[in-house]
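A.B. asks: Input structure: input-v2.cif, which contains mmCIF, N, CA and C atoms and all ligand atoms.
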```
data_start
loop_
_atom_site.label_atom_id
_atom_site.label_comp_id
_atom_site.auth_asym_id
_atom_site.auth_seq_id
_atom_site.Cartn_x
_atom_site.Cartn_y
_atom_site.Cartn_z
N MET A 1 -26.05 3.49 17.60
CA MET A 1 -25.54 4.54 18.50
C MET A 1 -24.18 4.10 19.05
N PRO A 2 -23.22 4.98 19.02
CA PRO A 2 -21.90 4.60 19.52
C PRO A 2 -21.89 4.52 21.04
N TYR A 3 -20.98 3.76 21.58
CA TYR A 3 -20.87 3.71 23.03
C TYR A 3 -19.51 4.26 23.47
N TYR A 4 -19.49 4.71 24.70
CA TYR A 4 -18.28 5.32 25.26
C TYR A 4 -18.05 4.71 26.63
N ASP A 5 -16.79 4.40 26.91
CA ASP A 5 -16.43 3.86 28.22
C ASP A 5 -15.87 4.98 29.08
N TYR A 6 -16.34 5.00 30.34
CA TYR A 6 -15.89 6.03 31.27
C TYR A 6 -15.33 5.37 32.51
N CYS A 7 -14.39 6.03 33.15
CA CYS A 7 -13.80 5.52 34.39
C CYS A 7 -13.53 6.70 35.31
N CYS A 8 -14.01 6.57 36.55
CA CYS A 8 -13.82 7.65 37.52
C CYS A 8 -12.50 7.44 38.27
N PRO A 9 -12.03 8.44 39.03
CA PRO A 9 -10.77 8.28 39.77
C PRO A 9 -10.80 7.13 40.77
N ASP A 10 -11.99 6.68 41.20
CA ASP A 10 -12.07 5.54 42.12
C ASP A 10 -12.09 4.20 41.39
N GLY A 11 -12.04 4.24 40.08
CA GLY A 11 -11.97 3.00 39.30
C GLY A 11 -13.30 2.42 38.88
N HIS A 12 -14.41 3.14 39.12
CA HIS A 12 -15.70 2.64 38.64
C HIS A 12 -15.77 2.85 37.13
N THR A 13 -16.16 1.82 36.47
CA THR A 13 -16.28 1.95 35.01
C THR A 13 -17.73 1.86 34.59
N GLN A 14 -18.06 2.53 33.53
CA GLN A 14 -19.40 2.44 32.96
C GLN A 14 -19.32 2.62 31.45
N ARG A 15 -20.22 1.96 30.80
CA ARG A 15 -20.31 2.06 29.34
C ARG A 15 -21.64 2.73 29.02
N LEU A 16 -21.56 3.84 28.33
CA LEU A 16 -22.79 4.59 28.00
C LEU A 16 -23.00 4.62 26.49
N PHE A 17 -24.24 4.33 26.12
CA PHE A 17 -24.61 4.46 24.71
C PHE A 17 -25.18 5.85 24.55
N LEU A 18 -24.49 6.66 23.80
CA LEU A 18 -24.89 8.06 23.68
C LEU A 18 -24.98 8.48 22.22
N ALA A 19 -25.94 9.33 21.95
CA ALA A 19 -25.98 9.96 20.63
C ALA A 19 -24.77 10.88 20.55
N LEU A 20 -24.30 11.09 19.35
CA LEU A 20 -23.10 11.91 19.18
C LEU A 20 -23.25 13.28 19.85
N ARG A 21 -24.46 13.86 19.76
CA ARG A 21 -24.67 15.20 20.33
C ARG A 21 -24.64 15.18 21.86
N ASP A 22 -24.88 14.01 22.47
CA ASP A 22 -24.87 13.90 23.94
C ASP A 22 -23.52 13.51 24.50
N HIS A 23 -22.59 13.21 23.61
CA HIS A 23 -21.28 12.74 24.06
C HIS A 23 -20.47 13.89 24.66
N THR A 24 -19.90 13.65 25.84
CA THR A 24 -18.98 14.61 26.45
C THR A 24 -17.79 13.83 26.98
N PRO A 25 -16.64 14.48 27.13
CA PRO A 25 -15.45 13.76 27.60
C PRO A 25 -15.56 13.33 29.07
N LYS A 26 -16.48 13.94 29.84
CA LYS A 26 -16.68 13.54 31.25
C LYS A 26 -18.14 13.28 31.50
N GLN A 27 -18.42 12.29 32.34
CA GLN A 27 -19.80 11.96 32.72
C GLN A 27 -19.82 11.77 34.24
N PRO A 28 -20.95 12.12 34.87
CA PRO A 28 -21.00 11.90 36.31
C PRO A 28 -21.03 10.40 36.63
N CYS A 29 -20.27 10.02 37.67
CA CYS A 29 -20.25 8.63 38.10
C CYS A 29 -21.26 8.46 39.24
N SER A 30 -21.68 7.22 39.51
CA SER A 30 -22.65 6.95 40.58
C SER A 30 -22.10 7.32 41.96
N CYS A 31 -20.75 7.37 42.08
CA CYS A 31 -20.15 7.72 43.37
C CYS A 31 -20.07 9.22 43.58
N GLY A 32 -20.45 9.98 42.59
CA GLY A 32 -20.44 11.42 42.73
C GLY A 32 -19.26 12.10 42.08
N LEU A 33 -18.24 11.33 41.73
CA LEU A 33 -17.09 11.91 41.06
C LEU A 33 -17.36 12.01 39.55
N TRP A 34 -16.47 12.68 38.86
CA TRP A 34 -16.58 12.75 37.39
C TRP A 34 -15.76 11.61 36.78
N ALA A 35 -16.38 10.91 35.89
CA ALA A 35 -15.68 9.83 35.19
C ALA A 35 -15.18 10.34 33.84
N GLU A 36 -13.92 10.02 33.54
CA GLU A 36 -13.36 10.45 32.26
C GLU A 36 -13.51 9.35 31.22
N GLN A 37 -13.65 9.79 30.00
CA GLN A 37 -13.79 8.82 28.92
C GLN A 37 -12.47 8.07 28.71
N ARG A 38 -12.58 6.76 28.52
CA ARG A 38 -11.43 5.93 28.18
C ARG A 38 -11.50 5.64 26.69
N ILE A 39 -10.41 5.93 26.01
CA ILE A 39 -10.37 5.65 24.58
C ILE A 39 -9.82 4.24 24.38
N GLY A 40 -10.58 3.41 23.71
CA GLY A 40 -10.13 2.04 23.45
C GLY A 40 -9.85 1.85 21.98
N ALA A 41 -9.40 0.66 21.64
CA ALA A 41 -9.17 0.34 20.23
C ALA A 41 -10.50 0.19 19.54
N PRO A 42 -10.61 0.61 18.29
CA PRO A 42 -11.87 0.45 17.57
C PRO A 42 -12.26 -1.03 17.48
N LEU A 43 -13.56 -1.28 17.46
CA LEU A 43 -14.06 -2.65 17.41
C LEU A 43 -13.65 -3.38 16.14
N LEU A 44 -13.38 -2.59 15.08
CA LEU A 44 -13.11 -3.23 13.79
C LEU A 44 -11.69 -3.74 13.67
N VAL A 45 -10.85 -3.47 14.67
CA VAL A 45 -9.47 -3.97 14.61
C VAL A 45 -9.54 -5.50 14.63
N LYS A 46 -8.92 -6.09 13.63
CA LYS A 46 -8.96 -7.54 13.49
C LYS A 46 -7.88 -8.15 14.36
N ALA A 47 -8.26 -9.10 15.17
CA ALA A 47 -7.26 -9.80 15.96
C ALA A 47 -6.37 -10.58 15.01
N SER A 48 -5.09 -10.49 15.20
CA SER A 48 -4.20 -11.15 14.25
C SER A 48 -4.22 -12.65 14.47
N GLN A 49 -4.29 -13.36 13.38
CA GLN A 49 -4.32 -14.81 13.44
C GLN A 49 -2.89 -15.31 13.60
N ASP A 50 -2.78 -16.54 14.01
CA ASP A 50 -1.45 -17.13 14.12
C ASP A 50 -0.87 -17.34 12.73
N VAL A 51 0.42 -17.24 12.68
CA VAL A 51 1.11 -17.48 11.43
C VAL A 51 1.97 -18.71 11.63
N CYS A 52 1.90 -19.64 10.74
CA CYS A 52 2.73 -20.83 10.85
C CYS A 52 2.92 -21.46 9.48
N TYR A 53 4.07 -21.21 8.90
CA TYR A 53 4.38 -21.82 7.60
C TYR A 53 5.88 -21.77 7.38
N ASP A 54 6.34 -22.47 6.38
CA ASP A 54 7.75 -22.40 6.01
C ASP A 54 7.88 -21.39 4.89
N SER A 55 8.90 -20.55 5.00
CA SER A 55 9.11 -19.54 3.97
C SER A 55 9.27 -20.21 2.61
N PRO A 56 8.46 -19.80 1.61
CA PRO A 56 8.62 -20.40 0.29
C PRO A 56 9.94 -19.99 -0.37
N ILE A 57 10.62 -19.01 0.22
CA ILE A 57 11.86 -18.52 -0.39
C ILE A 57 13.06 -19.34 0.08
N ASP A 58 13.20 -19.48 1.40
CA ASP A 58 14.37 -20.22 1.88
C ASP A 58 14.00 -21.39 2.82
N GLY A 59 12.70 -21.64 3.00
CA GLY A 59 12.29 -22.80 3.79
C GLY A 59 12.34 -22.62 5.29
N SER A 60 12.76 -21.44 5.76
CA SER A 60 12.84 -21.24 7.21
C SER A 60 11.44 -21.13 7.80
N PRO A 61 11.24 -21.68 9.03
CA PRO A 61 9.90 -21.64 9.62
C PRO A 61 9.51 -20.22 10.03
N ILE A 62 8.29 -19.83 9.68
CA ILE A 62 7.76 -18.51 10.02
C ILE A 62 6.64 -18.75 11.03
N THR A 63 6.82 -18.24 12.25
CA THR A 63 5.81 -18.51 13.29
C THR A 63 5.22 -17.24 13.89
N SER A 64 5.60 -16.07 13.39
CA SER A 64 5.00 -14.84 13.89
C SER A 64 4.91 -13.82 12.76
N TRP A 65 4.05 -12.82 12.98
CA TRP A 65 3.90 -11.78 11.96
C TRP A 65 5.19 -11.00 11.80
N ALA A 66 5.92 -10.81 12.91
CA ALA A 66 7.20 -10.10 12.83
C ALA A 66 8.18 -10.87 11.94
N GLN A 67 8.21 -12.21 12.13
CA GLN A 67 9.09 -13.03 11.30
C GLN A 67 8.68 -12.95 9.83
N ARG A 68 7.35 -12.93 9.62
CA ARG A 68 6.85 -12.86 8.24
C ARG A 68 7.31 -11.55 7.58
N ARG A 69 7.12 -10.43 8.31
CA ARG A 69 7.55 -9.13 7.77
C ARG A 69 9.05 -9.14 7.48
N GLU A 70 9.82 -9.71 8.43
CA GLU A 70 11.27 -9.79 8.27
C GLU A 70 11.65 -10.61 7.04
N ASP A 71 10.99 -11.78 6.91
CA ASP A 71 11.27 -12.69 5.80
C ASP A 71 10.98 -12.00 4.46
N LEU A 72 9.83 -11.32 4.40
CA LEU A 72 9.46 -10.63 3.16
C LEU A 72 10.48 -9.53 2.83
N ALA A 73 10.83 -8.74 3.86
CA ALA A 73 11.75 -7.62 3.65
C ALA A 73 13.14 -8.13 3.24
N LYS A 74 13.59 -9.19 3.92
CA LYS A 74 14.93 -9.74 3.67
C LYS A 74 15.08 -10.17 2.21
N HIS A 75 13.98 -10.66 1.62
CA HIS A 75 14.06 -11.15 0.25
C HIS A 75 13.45 -10.19 -0.76
N GLY A 76 13.19 -8.98 -0.31
CA GLY A 76 12.65 -7.98 -1.22
C GLY A 76 11.27 -8.33 -1.74
N CYS A 77 10.45 -8.97 -0.90
CA CYS A 77 9.11 -9.38 -1.33
C CYS A 77 8.05 -8.53 -0.64
N ILE A 78 6.85 -8.55 -1.19
CA ILE A 78 5.70 -7.88 -0.58
C ILE A 78 4.56 -8.88 -0.54
N PRO A 79 3.60 -8.70 0.40
CA PRO A 79 2.48 -9.63 0.46
C PRO A 79 1.72 -9.67 -0.86
N TYR A 80 1.26 -10.86 -1.23
CA TYR A 80 0.56 -11.02 -2.50
C TYR A 80 -0.84 -10.44 -2.44
N ASP A 81 -1.19 -9.75 -3.48
CA ASP A 81 -2.53 -9.20 -3.64
C ASP A 81 -3.01 -9.63 -5.03
N PRO A 82 -4.20 -10.28 -5.13
CA PRO A 82 -4.66 -10.78 -6.44
C PRO A 82 -4.67 -9.71 -7.54
N GLU A 83 -4.83 -8.44 -7.13
CA GLU A 83 -4.84 -7.37 -8.12
C GLU A 83 -3.49 -7.23 -8.83
N MET A 84 -2.43 -7.69 -8.16
CA MET A 84 -1.10 -7.60 -8.76
C MET A 84 -1.04 -8.37 -10.07
N LYS A 85 -1.69 -9.54 -10.08
CA LYS A 85 -1.67 -10.38 -11.27
C LYS A 85 -2.38 -9.67 -12.42
N THR A 86 -3.50 -9.02 -12.10
CA THR A 86 -4.24 -8.26 -13.10
C THR A 86 -3.35 -7.17 -13.68
N ASP A 87 -2.65 -6.44 -12.79
CA ASP A 87 -1.76 -5.37 -13.24
C ASP A 87 -0.64 -5.91 -14.11
N ALA A 88 -0.05 -7.02 -13.67
CA ALA A 88 1.06 -7.61 -14.42
C ALA A 88 0.60 -8.05 -15.80
N THR A 89 -0.59 -8.71 -15.86
CA THR A 89 -1.13 -9.16 -17.14
C THR A 89 -1.36 -7.97 -18.07
N ARG A 90 -1.90 -6.89 -17.50
CA ARG A 90 -2.16 -5.70 -18.31
C ARG A 90 -0.86 -5.11 -18.85
N ARG A 91 0.18 -5.06 -17.99
CA ARG A 91 1.47 -4.51 -18.43
C ARG A 91 2.08 -5.35 -19.55
N VAL A 92 1.95 -6.69 -19.43
CA VAL A 92 2.50 -7.58 -20.47
C VAL A 92 1.76 -7.34 -21.78
N GLN A 93 0.41 -7.21 -21.70
CA GLN A 93 -0.38 -6.96 -22.91
C GLN A 93 0.00 -5.64 -23.55
N GLU A 94 0.21 -4.62 -22.73
CA GLU A 94 0.59 -3.31 -23.27
C GLU A 94 1.95 -3.39 -23.95
N ALA A 95 2.89 -4.12 -23.31
CA ALA A 95 4.23 -4.26 -23.87
C ALA A 95 4.16 -5.04 -25.19
N ASP A 96 3.33 -6.10 -25.23
CA ASP A 96 3.16 -6.89 -26.45
C ASP A 96 2.61 -6.04 -27.58
N THR A 97 1.58 -5.25 -27.26
CA THR A 97 0.97 -4.39 -28.26
C THR A 97 1.97 -3.38 -28.80
N ALA A 98 2.75 -2.78 -27.90
CA ALA A 98 3.76 -1.80 -28.30
C ALA A 98 4.81 -2.45 -29.19
N LEU A 99 5.23 -3.67 -28.81
CA LEU A 99 6.24 -4.38 -29.60
C LEU A 99 5.69 -4.73 -30.98
N ASP A 100 4.44 -5.22 -31.03
CA ASP A 100 3.81 -5.54 -32.32
C ASP A 100 3.78 -4.31 -33.22
N GLN A 101 3.42 -3.17 -32.66
CA GLN A 101 3.34 -1.95 -33.47
C GLN A 101 4.72 -1.56 -33.99
N LYS A 102 5.74 -1.74 -33.14
CA LYS A 102 7.10 -1.41 -33.53
C LYS A 102 7.56 -2.31 -34.67
N ILE A 103 7.25 -3.62 -34.54
CA ILE A 103 7.65 -4.59 -35.57
C ILE A 103 6.92 -4.26 -36.88
N ASP A 104 5.61 -3.99 -36.78
CA ASP A 104 4.85 -3.65 -37.98
C ASP A 104 5.44 -2.42 -38.68
N ALA A 105 5.76 -1.40 -37.88
CA ALA A 105 6.29 -0.17 -38.43
C ALA A 105 7.65 -0.42 -39.10
N HIS A 106 8.47 -1.25 -38.43
CA HIS A 106 9.79 -1.54 -38.97
C HIS A 106 9.68 -2.34 -40.27
N LEU A 107 8.80 -3.34 -40.30
CA LEU A 107 8.60 -4.15 -41.51
C LEU A 107 8.10 -3.29 -42.66
N GLU A 108 7.14 -2.46 -42.35
CA GLU A 108 6.56 -1.57 -43.36
C GLU A 108 7.66 -0.70 -43.98
N GLU A 109 8.50 -0.16 -43.09
CA GLU A 109 9.56 0.73 -43.56
C GLU A 109 10.57 -0.05 -44.40
N ALA A 110 10.98 -1.24 -43.91
CA ALA A 110 11.96 -2.05 -44.62
C ALA A 110 11.42 -2.46 -45.98
N TYR A 111 10.13 -2.85 -46.02
CA TYR A 111 9.52 -3.28 -47.27
C TYR A 111 9.45 -2.13 -48.26
N THR A 112 9.13 -0.94 -47.74
CA THR A 112 9.02 0.24 -48.59
C THR A 112 10.36 0.59 -49.23
N ARG A 113 11.44 0.40 -48.49
CA ARG A 113 12.77 0.75 -49.01
C ARG A 113 13.35 -0.31 -49.94
N MET A 114 12.73 -1.50 -49.95
CA MET A 114 13.25 -2.61 -50.73
C MET A 114 13.13 -2.33 -52.23
N PRO A 115 14.19 -2.67 -53.01
CA PRO A 115 14.05 -2.54 -54.47
C PRO A 115 12.98 -3.51 -54.97
N HIS A 116 12.38 -3.17 -56.12
CA HIS A 116 11.26 -3.96 -56.67
C HIS A 116 11.62 -5.44 -56.82
N ALA A 117 12.82 -5.72 -57.37
CA ALA A 117 13.25 -7.11 -57.60
C ALA A 117 13.30 -7.88 -56.28
N GLN A 118 13.78 -7.21 -55.26
CA GLN A 118 13.88 -7.86 -53.94
C GLN A 118 12.49 -8.14 -53.37
N ARG A 119 11.57 -7.24 -53.60
CA ARG A 119 10.19 -7.45 -53.13
C ARG A 119 9.58 -8.69 -53.79
N GLN A 120 9.81 -8.78 -55.12
CA GLN A 120 9.28 -9.93 -55.85
C GLN A 120 9.89 -11.22 -55.33
N GLN A 121 11.20 -11.19 -55.03
CA GLN A 121 11.90 -12.36 -54.51
C GLN A 121 11.31 -12.76 -53.16
N LEU A 122 11.10 -11.77 -52.30
CA LEU A 122 10.53 -12.01 -50.97
C LEU A 122 9.14 -12.65 -51.09
N LYS A 123 8.34 -12.07 -51.99
CA LYS A 123 6.99 -12.58 -52.19
C LYS A 123 7.05 -14.03 -52.64
N LYS A 124 7.96 -14.34 -53.58
CA LYS A 124 8.11 -15.69 -54.12
C LYS A 124 8.49 -16.66 -52.98
N GLU A 125 9.46 -16.25 -52.17
CA GLU A 125 9.94 -17.11 -51.08
C GLU A 125 8.84 -17.38 -50.05
N VAL A 126 8.09 -16.35 -49.75
CA VAL A 126 7.02 -16.50 -48.76
C VAL A 126 5.96 -17.45 -49.29
N VAL A 127 5.61 -17.31 -50.57
CA VAL A 127 4.60 -18.18 -51.18
C VAL A 127 5.11 -19.62 -51.19
N GLU A 128 6.42 -19.81 -51.46
CA GLU A 128 7.01 -21.16 -51.46
C GLU A 128 6.92 -21.79 -50.07
N GLN A 129 6.90 -20.98 -49.06
CA GLN A 129 6.78 -21.48 -47.68
C GLN A 129 5.34 -21.88 -47.36
N GLY A 130 4.46 -21.65 -48.31
CA GLY A 130 3.08 -22.05 -48.12
C GLY A 130 2.20 -20.98 -47.51
N MET A 131 2.71 -19.75 -47.48
CA MET A 131 1.90 -18.67 -46.91
C MET A 131 1.24 -17.88 -48.02
N GLU A 132 0.16 -17.27 -47.68
CA GLU A 132 -0.50 -16.41 -48.65
C GLU A 132 0.04 -15.00 -48.50
N VAL A 133 0.18 -14.34 -49.61
CA VAL A 133 0.68 -12.97 -49.56
C VAL A 133 -0.42 -12.04 -50.01
N GLN A 134 -0.69 -11.10 -49.22
CA GLN A 134 -1.63 -10.05 -49.60
C GLN A 134 -0.91 -8.74 -49.37
N LEU A 135 -0.62 -8.07 -50.42
CA LEU A 135 0.06 -6.79 -50.25
C LEU A 135 -1.00 -5.75 -49.93
N GLU A 136 -0.74 -5.02 -48.89
CA GLU A 136 -1.71 -3.99 -48.54
C GLU A 136 -0.95 -2.77 -48.08
N ARG A 137 -1.43 -1.66 -48.52
CA ARG A 137 -0.75 -0.41 -48.16
C ARG A 137 -1.53 0.22 -46.99
N ARG A 138 -0.81 0.44 -45.91
CA ARG A 138 -1.45 1.06 -44.75
C ARG A 138 -0.66 2.29 -44.35
N THR A 139 -1.37 3.26 -43.93
CA THR A 139 -0.70 4.43 -43.38
C THR A 139 -1.24 4.66 -41.97
N ALA A 140 -0.34 4.89 -41.10
CA ALA A 140 -0.72 5.06 -39.68
C ALA A 140 -1.44 6.37 -39.46
ZN ZN A 201 -17.02 6.41 40.63
#
```
Could I get this file's structure written as structure tokens?
C.D. replies:
Amino acid sequence: MPYYDYCCPDGHTQRLFLALRDHTPKQPCSCGLWAEQRIGAPLLVKASQDVCYDSPIDGSPITSWAQRREDLAKHGCIPYDPEMKTDATRRVQEADTALDQKIDAHLEEAYTRMPHAQRQQLKKEVVEQGMEVQLERRTA
């Protein structure tokens, strides 16, 4: 059940645990006056911890959250989130895959345009390098 804090004009405070349906913005005070609800910060607000470190960018001491925000902004940085690494890894993999496909397509095209004698020469050279050659025809 949520609780609500009330304060009357004489300064008497009271905390009432009320069901949502019983909640009203004013409640009677023991002194006879009406007490108004006081809105406070939600309980889940995390108290900020102290900050104390040297900036990894320029080594300047950071001793407050304001300094931290300033330091990050000054150097075009944002707070680290582990998900960023996942995203970056995924982007690199996508770029690699796209590049591989481009290279494959380009090689396929170049090989297709090659005169027969040149193909035989290429095959010979590759085999001399100790690689196996398997000619395979693929269509995308
Ligand atoms: Zn009162």
A.B. asks: Could the residues that lie within 7 Å of ligand ZN 201 (chain A), counting only N, CA and C atoms and all ligand atoms, be listed as a PyMOL selection string?
C.D. replies: chain A and resi 7-13+28-35
A.B. asks: Figure out the distance between CA of Gln134 (chain A) and CA of Asp104 (chain A), please, to one decimal in Å.
C.D. replies: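 These two atoms are separated by 14.8 Å.
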A.B. asks: Using Å and a single decimal, report how far CA of Glu108 (chain A) sits from CA of Gln121 (chain A).
C.D. replies: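 Value for the CA of Gln121 (chain A)-CA of Glu108 (chain A) distance: 16.4 Å.
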A.B. asks: What does the structure give for the distance between atom N of Cys52 (chain A) and atom N of Ser64 (chain A), in Å to one decimal?
C.D. replies: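 Distance reported for this atom pair: 5.8 Å.
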A.B. asks: Counting all atoms listed in the file, which of A:Tyr6, A:Glu83, A:Met114, A:Asp22 gets nearest to Ile39 (chain A)?
C.D. replies: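 Answer, going by the shortest atom-to-atom distance: A:Tyr6.
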A.B. asks: According to DSSP computed on the backbone, where in chain A is there strand (DSSP E or B)? Give the residues as a ChimeraX atom specification.
C.D. replies: /A:3-7,13-17,26-28,34-38,53-54,61-62
A.B. asks: Produce the centre coordinates and the three edge lengths, each in Å to one decimal, of the box along x, y and z that contains all listed atoms of region 14-32 of chain A with 3 Å added on each side, as AutoDock Vina command-line options.
C.D. replies:
```
--center_x -20.7 --center_y 8.6 --center_z 31.4 --size_x 16.5 --size_y 19.2 --size_z 30.4
```
A.B. asks: Have a look at A:Pro61, A:Gly40, A:Pro56, A:Pro2 and name the one nearest to Ala19 (chain A); count all atoms listed in the file.
C.D. replies: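 The shortest atom-to-atom distance to Ala19 (chain A) comes from A:Pro2.
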A.B. asks: List every residue of region 54-98 of chain A that DSSP, applied to the backbone of this structure, places in helix (DSSP H, G or I), and write the result as an NGL selection string.
C.D. replies: :A and (65-74 or 82-98)
A.B. asks: My list of candidates is A:Glu36, A:Arg68, A:Arg90, A:Ala98. Which is closest to Thr24 (chain A) when distances are computed with only N, CA and C atoms?
C.D. replies: A:Glu36
A.B. asks: Can you tell me which residues surround Leu122 (chain A) at a distance of at most 12 Å, considering only C-alpha atoms, apart from same-chain residues fewer than 6 positions away, and format the answer as a list in words?
C.D. replies: Ala110, Tyr111, Met114, Pro115, His116, Glu128, Gln129, Met131, Val133 and Leu135 of chain A
A.B. asks: Could you complete region 9-28 of chain A so that it carries N, CA, C and O atoms, and give it back as a compact mmCIF listing (two decimals), keeping the file's coordinate frame?
C.D. replies:
```txt
# COMPACT_ATOMS: atom_id res chain seq x y z
N PRO A 9 -12.03 8.44 39.03
CA PRO A 9 -10.77 8.28 39.77
C PRO A 9 -10.80 7.13 40.77
O PRO A 9 -9.74 6.58 41.12
N ASP A 10 -11.99 6.68 41.20
CA ASP A 10 -12.07 5.54 42.12
C ASP A 10 -12.09 4.20 41.39
O ASP A 10 -12.20 3.15 42.03
N GLY A 11 -12.04 4.24 40.08
CA GLY A 11 -11.97 3.00 39.30
C GLY A 11 -13.30 2.42 38.88
O GLY A 11 -13.35 1.31 38.37
N HIS A 12 -14.41 3.14 39.12
CA HIS A 12 -15.70 2.64 38.64
C HIS A 12 -15.77 2.85 37.13
O HIS A 12 -15.44 3.93 36.65
N THR A 13 -16.16 1.82 36.47
CA THR A 13 -16.28 1.95 35.01
C THR A 13 -17.73 1.86 34.59
O THR A 13 -18.55 1.21 35.24
N GLN A 14 -18.06 2.53 33.53
CA GLN A 14 -19.40 2.44 32.96
C GLN A 14 -19.32 2.62 31.45
O GLN A 14 -18.43 3.31 30.94
N ARG A 15 -20.22 1.96 30.80
CA ARG A 15 -20.31 2.06 29.34
C ARG A 15 -21.64 2.73 29.02
O ARG A 15 -22.69 2.23 29.42
N LEU A 16 -21.56 3.84 28.33
CA LEU A 16 -22.79 4.59 28.00
C LEU A 16 -23.00 4.62 26.49
O LEU A 16 -22.07 4.88 25.73
N PHE A 17 -24.24 4.33 26.12
CA PHE A 17 -24.61 4.46 24.71
C PHE A 17 -25.18 5.85 24.55
O PHE A 17 -26.22 6.17 25.13
N LEU A 18 -24.49 6.66 23.80
CA LEU A 18 -24.89 8.06 23.68
C LEU A 18 -24.98 8.48 22.22
O LEU A 18 -24.19 8.03 21.39
N ALA A 19 -25.94 9.33 21.95
CA ALA A 19 -25.98 9.96 20.63
C ALA A 19 -24.77 10.88 20.55
O ALA A 19 -24.28 11.37 21.57
N LEU A 20 -24.30 11.09 19.35
CA LEU A 20 -23.10 11.91 19.18
C LEU A 20 -23.25 13.28 19.85
O LEU A 20 -22.32 13.78 20.49
N ARG A 21 -24.46 13.86 19.76
CA ARG A 21 -24.67 15.20 20.33
C ARG A 21 -24.64 15.18 21.86
O ARG A 21 -24.42 16.20 22.49
N ASP A 22 -24.88 14.01 22.47
CA ASP A 22 -24.87 13.90 23.94
C ASP A 22 -23.52 13.51 24.50
O ASP A 22 -23.32 13.47 25.71
N HIS A 23 -22.59 13.21 23.61
CA HIS A 23 -21.28 12.74 24.06
C HIS A 23 -20.47 13.89 24.66
O HIS A 23 -20.37 14.97 24.07
N THR A 24 -19.90 13.65 25.84
CA THR A 24 -18.98 14.61 26.45
C THR A 24 -17.79 13.83 26.98
O THR A 24 -17.92 12.64 27.27
N PRO A 25 -16.64 14.48 27.13
CA PRO A 25 -15.45 13.76 27.60
C PRO A 25 -15.56 13.33 29.07
O PRO A 25 -14.83 12.45 29.51
N LYS A 26 -16.48 13.94 29.84
CA LYS A 26 -16.68 13.54 31.25
C LYS A 26 -18.14 13.28 31.50
O LYS A 26 -19.00 13.97 30.95
N GLN A 27 -18.42 12.29 32.34
CA GLN A 27 -19.80 11.96 32.72
C GLN A 27 -19.82 11.77 34.24
O GLN A 27 -18.83 11.32 34.83
N PRO A 28 -20.95 12.12 34.87
CA PRO A 28 -21.00 11.90 36.31
C PRO A 28 -21.03 10.40 36.63
O PRO A 28 -21.69 9.63 35.95
```
